[in-house]
>>> print(open('my_file11.cif').read())   # mmCIF, C-alpha atoms
data_target
#
loop_
_atom_site.label_atom_id
_atom_site.label_comp_id
_atom_site.auth_asym_id
_atom_site.auth_seq_id
_atom_site.Cartn_x
_atom_site.Cartn_y
_atom_site.Cartn_z
CA MET M 25 278.73 -173.24 14.27
CA THR M 26 277.01 -174.92 17.14
CA ASP M 27 273.31 -175.18 16.65
CA LEU M 28 271.61 -174.06 19.78
CA SER M 29 268.20 -173.46 18.29
CA PRO M 30 265.60 -174.17 20.95
CA THR M 31 263.59 -176.46 18.73
CA SER M 32 262.72 -178.76 21.53
CA ASN M 33 261.75 -175.88 23.84
CA PRO M 34 258.00 -175.44 24.25
CA THR M 35 257.38 -172.02 22.75
CA PRO M 36 255.51 -169.59 24.99
CA ALA M 37 252.19 -168.27 23.71
CA PRO M 38 252.91 -165.54 21.14
CA ALA M 39 252.20 -161.95 22.22
CA PRO M 40 249.02 -160.49 20.77
CA LEU M 41 249.39 -158.91 17.34
CA TRP M 42 248.87 -155.36 18.58
CA ARG M 43 251.69 -155.72 21.07
CA ARG M 44 254.09 -156.99 18.46
CA LEU M 45 253.09 -154.18 16.09
CA LEU M 46 253.20 -151.39 18.70
CA PRO M 47 256.99 -150.76 18.77
CA PRO M 48 257.48 -150.60 14.98
CA VAL M 49 254.34 -148.47 14.61
CA LEU M 50 255.59 -146.06 17.31
CA ALA M 51 259.01 -145.88 15.68
CA ALA M 52 257.48 -145.30 12.24
CA GLY M 53 255.24 -142.59 13.71
CA LEU M 54 258.21 -140.78 15.22
CA VAL M 55 260.12 -140.98 11.93
CA ALA M 56 257.07 -139.65 10.07
CA VAL M 57 256.69 -136.68 12.45
CA LEU M 58 260.40 -135.91 12.18
CA GLY M 59 260.25 -136.17 8.38
CA ALA M 60 257.20 -133.91 8.18
CA ALA M 61 258.88 -131.34 10.45
CA LEU M 62 262.05 -131.40 8.36
CA LEU M 63 260.27 -131.18 5.02
CA SER M 64 257.65 -128.58 5.93
CA PRO M 65 258.60 -125.00 5.12
CA SER M 66 260.34 -123.52 8.11
CA ARG M 67 260.18 -119.96 9.33
CA ASN M 68 263.49 -119.45 7.55
CA ALA M 69 261.72 -119.80 4.22
CA THR M 70 262.31 -116.77 2.01
CA ASP M 71 258.67 -116.31 1.13
CA GLY M 72 255.22 -116.50 2.65
CA GLY M 73 254.24 -115.35 6.11
CA PRO M 74 251.13 -114.61 8.14
CA LEU M 75 250.18 -111.57 6.06
CA VAL M 76 249.79 -113.44 2.76
CA GLY M 77 246.12 -113.46 1.80
CA LYS M 78 245.31 -110.57 4.14
CA PRO M 79 244.52 -106.96 3.22
CA ALA M 80 247.67 -104.85 3.05
CA PRO M 81 247.96 -102.51 6.07
CA GLY M 82 247.34 -98.95 4.93
CA PHE M 83 249.83 -96.14 5.29
CA THR M 84 250.41 -92.56 4.31
CA LEU M 85 254.09 -91.67 4.29
CA GLU M 86 256.22 -88.85 3.04
CA SER M 87 258.65 -89.52 0.22
CA LEU M 88 262.20 -88.20 0.22
CA ASP M 89 260.96 -85.62 -2.29
CA GLY M 90 258.39 -84.39 0.20
CA ALA M 91 255.30 -85.85 -1.51
CA GLN M 92 252.64 -87.65 0.55
CA VAL M 93 252.08 -91.18 -0.72
CA SER M 94 249.19 -93.27 0.49
CA LEU M 95 248.52 -96.91 -0.27
CA ALA M 96 244.76 -96.27 -0.43
CA ALA M 97 245.31 -93.88 -3.35
CA LEU M 98 246.85 -96.75 -5.33
CA GLN M 99 243.79 -99.02 -4.96
CA GLY M 100 243.01 -100.68 -8.25
CA ARG M 101 246.67 -101.07 -9.20
CA PRO M 102 249.01 -103.85 -8.18
CA VAL M 103 251.70 -102.56 -5.81
CA VAL M 104 255.26 -103.76 -5.23
CA LEU M 105 256.51 -102.58 -1.85
CA ASN M 106 260.22 -102.83 -1.19
CA PHE M 107 261.68 -102.26 2.29
CA TRP M 108 265.33 -101.30 2.03
CA ALA M 109 268.21 -99.25 3.37
CA SER M 110 271.44 -97.97 1.86
CA TRP M 111 273.61 -100.04 4.24
CA CYS M 112 271.99 -103.29 3.08
CA GLU M 113 274.16 -105.12 0.57
CA PRO M 114 271.46 -107.41 -0.95
CA CYS M 115 269.33 -104.27 -1.48
CA ARG M 116 272.07 -102.99 -3.80
CA GLU M 117 272.03 -106.25 -5.71
CA GLU M 118 268.30 -106.17 -6.32
CA ALA M 119 267.99 -102.42 -6.99
CA PRO M 120 268.67 -102.74 -10.76
CA LEU M 121 265.74 -105.17 -11.01
CA PHE M 122 263.38 -102.58 -9.54
CA ARG M 123 264.66 -99.95 -11.93
CA GLU M 124 264.06 -102.36 -14.81
CA LEU M 125 260.59 -103.16 -13.49
CA GLY M 126 259.74 -99.46 -13.34
CA GLU M 127 260.93 -98.98 -16.91
CA LYS M 128 259.33 -102.06 -18.47
CA ARG M 129 255.99 -102.10 -16.70
CA SER M 130 255.14 -98.45 -16.43
CA GLY M 131 251.79 -96.83 -17.07
CA GLU M 132 248.37 -97.42 -15.61
CA THR M 133 248.45 -101.18 -16.16
CA GLY M 134 251.86 -101.71 -14.60
CA PRO M 135 252.44 -102.10 -10.89
CA ALA M 136 253.16 -99.13 -8.64
CA VAL M 137 256.63 -99.63 -7.18
CA LEU M 138 257.26 -98.06 -3.78
CA GLY M 139 260.38 -98.14 -1.65
CA ILE M 140 260.12 -97.77 2.12
CA LEU M 141 263.25 -96.96 4.10
CA PHE M 142 263.89 -99.34 6.98
CA GLN M 143 266.23 -98.18 9.74
CA GLU M 144 268.08 -95.88 7.38
CA THR M 145 270.84 -94.36 9.43
CA LYS M 146 271.53 -91.39 7.17
CA GLU M 147 269.05 -89.99 4.68
CA GLN M 148 271.80 -88.66 2.44
CA ASN M 149 273.08 -92.22 1.98
CA ALA M 150 269.60 -93.22 0.77
CA ARG M 151 269.56 -90.28 -1.66
CA ASP M 152 272.98 -91.33 -3.01
CA PHE M 153 271.71 -94.89 -3.41
CA ILE M 154 268.66 -93.69 -5.37
CA ARG M 155 270.86 -91.59 -7.63
CA GLU M 156 273.41 -94.39 -8.10
CA TYR M 157 270.78 -96.88 -9.26
CA ALA M 158 268.61 -94.26 -10.99
CA LEU M 159 265.48 -95.32 -9.14
CA ALA M 160 262.52 -93.39 -10.53
CA TYR M 161 259.83 -94.56 -8.08
CA PRO M 162 258.94 -92.87 -4.76
CA ASN M 163 260.97 -93.87 -1.70
CA LEU M 164 259.26 -93.17 1.60
CA ARG M 165 260.45 -92.32 5.10
CA ASP M 166 259.03 -94.54 7.83
CA PRO M 167 259.47 -92.70 11.12
CA GLY M 168 259.33 -95.03 14.13
CA ILE M 169 259.34 -98.06 11.74
CA LYS M 170 255.54 -97.97 12.16
CA THR M 171 254.83 -99.25 8.66
CA GLY M 172 257.71 -101.72 8.88
CA ILE M 173 256.22 -103.23 12.05
CA ASP M 174 252.76 -103.17 10.47
CA TYR M 175 254.13 -105.35 7.67
CA GLY M 176 256.02 -107.61 10.07
CA VAL M 177 259.40 -106.64 8.64
CA ALA M 178 262.30 -108.00 10.68
CA GLY M 179 265.12 -107.76 8.15
CA ILE M 180 265.70 -106.25 4.77
CA PRO M 181 265.38 -106.46 1.88
CA GLU M 182 261.77 -107.51 2.06
CA THR M 183 259.37 -107.14 -0.84
CA VAL M 184 255.59 -107.27 -0.55
CA PHE M 185 253.43 -107.93 -3.60
CA ILE M 186 249.92 -106.46 -3.30
CA ASP M 187 247.23 -107.18 -5.90
CA GLN M 188 244.69 -104.77 -7.40
CA GLU M 189 242.22 -105.51 -4.61
CA GLY M 190 244.74 -104.49 -1.99
CA ILE M 191 245.41 -108.07 -0.82
CA ILE M 192 248.96 -109.23 -0.06
CA ARG M 193 249.65 -112.14 -2.42
CA HIS M 194 253.34 -112.73 -1.88
CA VAL M 195 256.17 -111.68 0.42
CA ASP M 196 259.82 -112.28 -0.42
CA ARG M 197 262.63 -111.87 2.10
CA GLY M 198 266.26 -111.53 1.15
CA GLY M 199 267.78 -110.27 -2.07
CA LEU M 200 265.54 -110.89 -5.08
CA SER M 201 266.72 -112.63 -8.19
CA ARG M 202 264.91 -112.08 -11.48
CA GLU M 203 263.13 -115.43 -11.04
CA ARG M 204 261.96 -114.64 -7.51
CA LEU M 205 260.77 -111.18 -8.55
CA ASN M 206 258.82 -112.75 -11.42
CA VAL M 207 257.18 -115.25 -9.04
CA GLY M 208 255.84 -112.34 -6.98
CA LEU M 209 254.80 -110.34 -10.04
CA GLU M 210 252.84 -113.23 -11.51
CA LYS M 211 250.95 -113.65 -8.25
CA ILE M 212 249.63 -110.09 -8.56
CA GLY M 213 248.80 -110.48 -12.23
CA VAL M 214 251.80 -108.64 -13.62
CA GLU M 215 253.88 -110.11 -16.44
CA GLY M 216 257.42 -110.96 -15.33
CA ILE M 217 260.45 -109.05 -16.58
CA MET D 22 263.65 -125.21 24.12
CA LYS D 23 263.00 -121.72 22.90
CA ARG D 24 265.83 -120.04 24.70
CA PRO D 25 268.15 -120.51 27.64
CA ALA D 26 266.42 -120.18 30.96
CA SER D 27 269.10 -117.75 32.08
CA SER D 28 267.73 -115.04 29.81
CA ARG D 29 264.43 -115.21 31.67
CA GLN D 30 265.83 -115.04 35.17
CA ARG D 31 267.62 -111.79 35.24
CA PRO D 32 269.35 -110.34 38.26
CA ALA D 33 267.40 -107.62 40.01
CA GLY D 34 269.65 -104.88 38.65
CA ALA D 35 269.23 -106.01 35.06
CA ARG D 36 265.46 -106.07 35.55
CA LEU D 37 265.30 -102.64 37.10
CA LEU D 38 267.28 -100.92 34.38
CA PRO D 39 264.79 -101.44 31.53
CA LEU D 40 261.97 -100.77 33.96
CA ALA D 41 263.50 -97.44 34.90
CA PHE D 42 264.02 -96.78 31.20
CA SER D 43 260.40 -97.59 30.38
CA LEU D 44 259.16 -95.49 33.29
CA LEU D 45 261.13 -92.62 31.83
CA LEU D 46 259.63 -93.25 28.39
CA SER D 47 256.14 -93.75 29.71
CA SER D 48 256.11 -90.30 31.20
CA SER D 49 255.74 -88.97 27.66
CA LEU D 50 252.90 -91.44 27.00
CA ALA D 51 251.26 -90.76 30.36
CA LEU D 52 251.05 -94.40 31.41
CA THR D 53 250.23 -95.26 34.99
CA THR D 54 252.69 -97.44 36.90
CA ASP D 55 250.34 -100.40 36.46
CA GLN D 56 250.18 -99.82 32.72
CA THR D 57 253.96 -99.52 32.52
CA LEU D 58 254.36 -102.82 34.35
CA ARG D 59 251.79 -104.41 32.04
CA ALA D 60 253.59 -103.11 28.95
CA GLU D 61 256.85 -104.42 30.40
CA ALA D 62 255.31 -107.86 31.05
CA ILE D 63 253.92 -108.02 27.50
CA GLY D 64 257.27 -106.90 26.10
CA ASP D 65 258.94 -109.70 28.07
CA ASN D 66 256.86 -112.17 26.05
CA LEU D 67 257.56 -110.66 22.64
CA ARG D 68 260.61 -111.87 20.81
CA CYS D 69 262.88 -109.36 19.14
CA PRO D 70 262.42 -110.44 15.50
CA ILE D 71 266.08 -110.08 14.57
CA CYS D 72 267.65 -111.55 17.71
CA THR D 73 267.99 -115.13 18.90
CA GLY D 74 265.34 -115.67 21.52
CA GLU D 75 265.68 -112.30 23.20
CA PRO D 76 262.61 -110.36 24.33
CA ILE D 77 262.16 -106.81 23.06
CA THR D 78 262.56 -105.50 26.60
CA GLN D 79 266.16 -106.74 26.70
CA SER D 80 267.20 -106.01 23.16
CA THR D 81 268.61 -102.58 22.40
CA ASN D 82 268.10 -102.41 18.64
CA ASP D 83 265.77 -99.95 16.93
CA ILE D 84 263.05 -102.40 15.96
CA SER D 85 262.73 -103.74 19.52
CA ARG D 86 262.55 -100.22 20.88
CA GLU D 87 259.85 -99.29 18.38
CA MET D 88 257.91 -102.48 19.06
CA LEU D 89 258.02 -101.72 22.78
CA ARG D 90 256.79 -98.19 22.08
CA ASP D 91 254.00 -99.75 20.02
CA VAL D 92 253.11 -102.02 22.97
CA ARG D 93 253.02 -99.01 25.29
CA GLU D 94 250.78 -97.09 22.91
CA GLN D 95 248.40 -100.01 22.69
CA VAL D 96 248.35 -100.42 26.49
CA ALA D 97 247.61 -96.70 26.79
CA ALA D 98 244.80 -97.13 24.24
CA GLY D 99 243.24 -99.73 26.54
CA ARG D 100 243.81 -102.82 24.43
CA SER D 101 243.92 -106.15 26.22
CA ASP D 102 247.03 -108.37 26.48
CA ALA D 103 245.47 -110.91 24.11
CA GLU D 104 244.72 -108.19 21.55
CA ILE D 105 248.28 -106.91 21.66
CA TYR D 106 249.76 -110.40 21.33
CA SER D 107 247.50 -111.21 18.38
CA TYR D 108 248.40 -107.86 16.78
CA PHE D 109 252.07 -108.86 16.69
CA ALA D 110 251.39 -112.52 15.89
CA ALA D 111 249.29 -111.45 12.88
CA ARG D 112 252.30 -109.58 11.52
CA TYR D 113 255.30 -111.66 12.56
CA GLY D 114 253.61 -115.03 13.12
CA ASN D 115 253.53 -116.98 16.38
CA PHE D 116 257.33 -116.94 16.20
CA VAL D 117 257.24 -113.50 17.81
CA LEU D 118 255.53 -114.87 20.93
CA LEU D 119 257.96 -116.25 23.48
CA ASP D 120 255.06 -118.09 25.12
CA PRO D 121 253.02 -119.20 22.12
CA PRO D 122 249.44 -120.44 22.56
CA LYS D 123 249.23 -124.12 23.37
CA ASP D 124 246.98 -125.21 20.52
CA GLY D 125 247.45 -127.08 17.24
CA VAL D 126 251.00 -128.35 16.86
CA GLY D 127 251.92 -126.56 20.11
CA MET D 128 249.37 -128.69 21.93
CA LEU D 129 250.99 -131.80 20.43
CA LEU D 130 254.40 -130.65 21.61
CA TRP D 131 253.15 -130.08 25.14
CA GLY D 132 250.84 -133.05 25.25
CA ALA D 133 253.02 -135.76 23.66
CA PRO D 134 255.59 -135.99 26.50
CA LEU D 135 252.80 -136.04 29.09
CA ALA D 136 250.94 -138.72 27.14
CA ALA D 137 254.17 -140.73 26.80
CA LEU D 138 254.81 -140.39 30.54
CA GLY D 139 251.27 -141.56 31.29
CA ALA D 140 251.53 -144.52 28.91
CA GLY D 141 254.93 -145.50 30.31
CA GLY D 142 253.58 -145.30 33.85
CA LEU D 143 250.65 -147.51 32.92
CA VAL D 144 252.93 -150.13 31.34
CA LEU D 145 255.25 -150.07 34.38
CA TRP D 146 252.31 -150.38 36.77
CA ARG D 147 250.90 -153.36 34.89
CA PHE D 148 254.35 -154.97 34.71
CA LEU D 149 254.99 -154.55 38.44
CA ARG D 150 251.53 -155.81 39.31
CA ARG D 151 251.93 -158.95 37.23
CA ARG D 152 255.51 -159.88 38.19
CA PRO D 153 254.97 -161.40 41.64
CA THR D 154 252.44 -163.93 40.28
CA ALA D 155 254.64 -164.69 37.27
CA ALA D 156 257.67 -165.18 39.53
CA ALA D 157 255.69 -167.48 41.79
CA ALA D 158 254.69 -169.58 38.81
CA ALA D 159 258.27 -169.81 37.58
CA THR D 160 259.71 -171.02 40.93
CA PRO D 161 260.59 -174.69 40.56
CA GLY D 162 258.89 -177.10 42.92
CA PRO D 163 260.82 -178.65 45.83
CA GLU D 164 261.32 -181.88 43.91
CA GLY D 165 262.77 -179.99 40.93
CA ASP D 166 260.42 -181.53 38.41
CA THR D 167 260.59 -178.59 36.00
CA PHE D 168 262.93 -179.91 33.35
CA ASP D 169 264.28 -177.42 30.80
CA PRO D 170 265.50 -179.38 27.80
CA TYR D 171 267.15 -176.30 26.30
CA LEU D 172 269.23 -175.68 29.44
CA ALA D 173 270.10 -179.34 29.60
CA GLU D 174 271.31 -179.25 25.98
CA VAL D 175 273.53 -176.24 26.69
CA GLN D 176 274.98 -177.87 29.80
CA ARG D 177 275.57 -181.12 27.95
CA ARG D 178 277.41 -179.39 25.08
CA ALA D 179 279.43 -177.25 27.48
CA ARG D 180 280.52 -180.36 29.31
CA ARG D 181 281.45 -182.03 26.06
CA GLY D 182 283.45 -178.99 25.00
CA LYS D 183 285.39 -179.07 28.28
CA GLU D 184 286.24 -182.73 27.84
CA ALA D 185 287.52 -182.24 24.29
#
>>> encode(input="my_file11.cif", output="structure tokens")
Amino acid sequence: MTDLSPTSNPTPAPAPLWRRLLPPVLAAGLVAVLGAALLSPSRNATDGGPLVGKPAPGFTLESLDGAQVSLAALQGRPVVLNFWASWCEPCREEAPLFRELGEKRSGETGPAVLGILFQETKEQNARDFIREYALAYPNLRDPGIKTGIDYGVAGIPETVFIDQEGIIRHVDRGGLSRERLNVGLEKIGVEGI
Amino acid sequence: MKRPASSRQRPAGARLLPLAFSLLLSSSLALTTDQTLRAEAIGDNLRCPICTGEPITQSTNDISREMLRDVREQVAAGRSDAEIYSYFAARYGNFVLLDPPKDGVGMLLWGAPLAALGAGGLVLWRFLRRRPTAAAAATPGPEGDTFDPYLAEVQRRARRGKEA
């Protein structure tokens, strides 16, 4: 290869250090911002949300059996709140876990499990669902999705874990697995199933 | 970009339809025309939580309708725009706001392009200001006494290559 190195050329004065470092530093900064944005939990994450750490919004709703259920009356007990509907397929998949939770952690020390219907199109379908999965806990009507909006529910299933003090400690969106249910339960001081 | 600009600029007919609908609804809530327009404007800035970038005033699903009713109730109760926005943001996060507050990371998003534009402008201005003097310095004198040994080497080798 022909050597054309400009050895004999008088080299111009080198640019100041900061100017030579500026482009790589800018590029590294952009990569770092991109990396942080990609690695930080996005809004598509299945848990968390703005309500975690805040007091659970109160409600008094009527169950399908006609009983009035109020969150305030459950103060002092951890509460597991599950928003569901009969047309929701992942709700069917997680329903046996809630039945098991109700059976294994019953009594005063166990959590109160509550279901809240979300955009249920036909109440009879919800009743059939409850019978099919033998759910023993109260399932509440939410006219006007008032409670759903109060809890920031956009899709179901969504499960809210409230501790004894009435503070939301964990929110899980999408169908629960046993592991994900246990994560929520441990955050409200309930032993996993 | 949060959503296509087309969804914001609706034809007059498409704008009037939900307005007529909300006027009809507001009669049961006893909102004044001003309040109805305010509720509509707030609803235009609230994202339907299960849609892709659609405000609750345009979406027809149940949750959007109930959220809009909630907005109307809060307007009727005399709550300010900021209070209503923060009510929804506290539940759904800033994601629900189609025009989120420009602070924190939002400020960075808005400010970074402006800062980059300013910095680029400054560099360009300095470059343009310096060039005429630099060009004048680089112009060879009339007697051509600026000898570039590198150029001479290239020319010499090119000549040699042509001869070979």
>>> atom_distance(input="my_file11.cif", atom1="atom CA of Ser87 of chain M", atom2="atom CA of Val177 of chain M")
19.1 Å
>>> residues_near_point(input="my_file11.cif", point="(254.3, -148.5, 22.4)", cutoff="12 Å", atoms="all atoms listed in the file", output="list in words")
Trp42, Arg43, Arg44, Leu45, Leu46, Pro47, Pro48, Val49, Leu50, Ala51, Ala52, Gly53 and Leu54 of chain M; Ala136, Ala137, Leu138, Gly139, Ala140, Gly141, Gly142, Leu143 and Val144 of chain D
>>> closest_atom_pairs(input="my_file11.cif", of="chain D", to="chain M", cutoff="8 Å", atoms="all atoms listed in the file", output="tab-separated table")
residue	atom	partner	partner_atom	distance
D:Pro70	CA	M:Ala178	CA	5.4
D:Ile71	CA	M:Ala178	CA	5.8
D:Asp83	CA	M:Gln143	CA	7.4
D:Ile84	CA	M:Ile169	CA	7.1
D:Glu87	CA	M:Gly168	CA	6.0
D:Met88	CA	M:Ile173	CA	7.2
D:Phe109	CA	M:Gly176	CA	7.8
D:Ala111	CA	M:Pro74	CA	6.0
D:Arg112	CA	M:Gly176	CA	4.5
D:Tyr113	CA	M:Gly176	CA	4.8
D:Gly114	CA	M:Pro74	CA	5.6
D:Asp169	CA	M:Asn33	CA	7.6
D:Pro170	CA	M:Asn33	CA	6.5
D:Tyr171	CA	M:Asn33	CA	5.9
D:Val175	CA	M:Leu28	CA	7.5
>>> residues_around(input="my_file11.cif", residues="segment 206-209 of chain M", least_positions_apart="6", cutoff="8 Å", atoms="all atoms listed in the file", output="PDB file with C-alpha atoms, in the coordinates of the input")
ATOM      1  CA  PHE M 185     253.430-107.930  -3.600  1.00  0.00           C
ATOM      2  CA  ARG M 193     249.650-112.140  -2.420  1.00  0.00           C
ATOM      3  CA  HIS M 194     253.340-112.730  -1.880  1.00  0.00           C
ATOM      4  CA  VAL M 195     256.170-111.680   0.420  1.00  0.00           C
ATOM      5  CA  ASP M 196     259.820-112.280  -0.420  1.00  0.00           C
ATOM      6  CA  GLU M 215     253.880-110.110 -16.440  1.00  0.00           C
ATOM      7  CA  GLY M 216     257.420-110.960 -15.330  1.00  0.00           C
ATOM      8  CA  ILE M 217     260.450-109.050 -16.580  1.00  0.00           C
TER       9      ILE M 217
END
>>> resolve_selection(input="my_file11.cif", expression="the PyMOL selection byres ((chain M and resi 89-100) around 12)", output="PyMOL selection string")
chain M and resi 79-88+101-105+132-140+147+150-151+154+160-166+171+186-191+212
>>> atom_distance(input="my_file11.cif", atom1="atom CA of Ile192 of chain M", atom2="atom CA of Glu210 of chain M")
12.7 Å
>>> atom_distance(input="my_file11.cif", atom1="atom CA of Gln95 of chain D", atom2="atom CA of Pro181 of chain M")
27.6 Å
>>> closest_residue(input="my_file11.cif", among="D:Val96, D:Leu129, D:Leu172, D:Leu145", to="Leu52 of chain D", atoms="all atoms listed in the file")
D:Val96
>>> residues_around(input="my_file11.cif", residues="Leu118 of chain D", least_positions_apart="3", cutoff="10 Å", atoms="all atoms listed in the file", output="list in words")
Ile63, Gly64, Asp65, Asn66, Leu67, Arg68, Cys69, Pro70, Gly74, Pro76, Tyr106, Ser107, Phe109, Ala110, Tyr113, Gly114, Asn115, Pro121 and Pro122 of chain D
>>> closest_residue(input="my_file11.cif", among="D:Asp102, D:Glu61, D:Asp124, D:Glu174", to="Leu89 of chain D", atoms="all atoms listed in the file")
D:Glu61
>>> closest_residue(input="my_file11.cif", among="M:Val57, M:Leu63, M:Ile180, M:Leu41", to="Ser110 of chain M", atoms="only C-alpha atoms")
M:Ile180
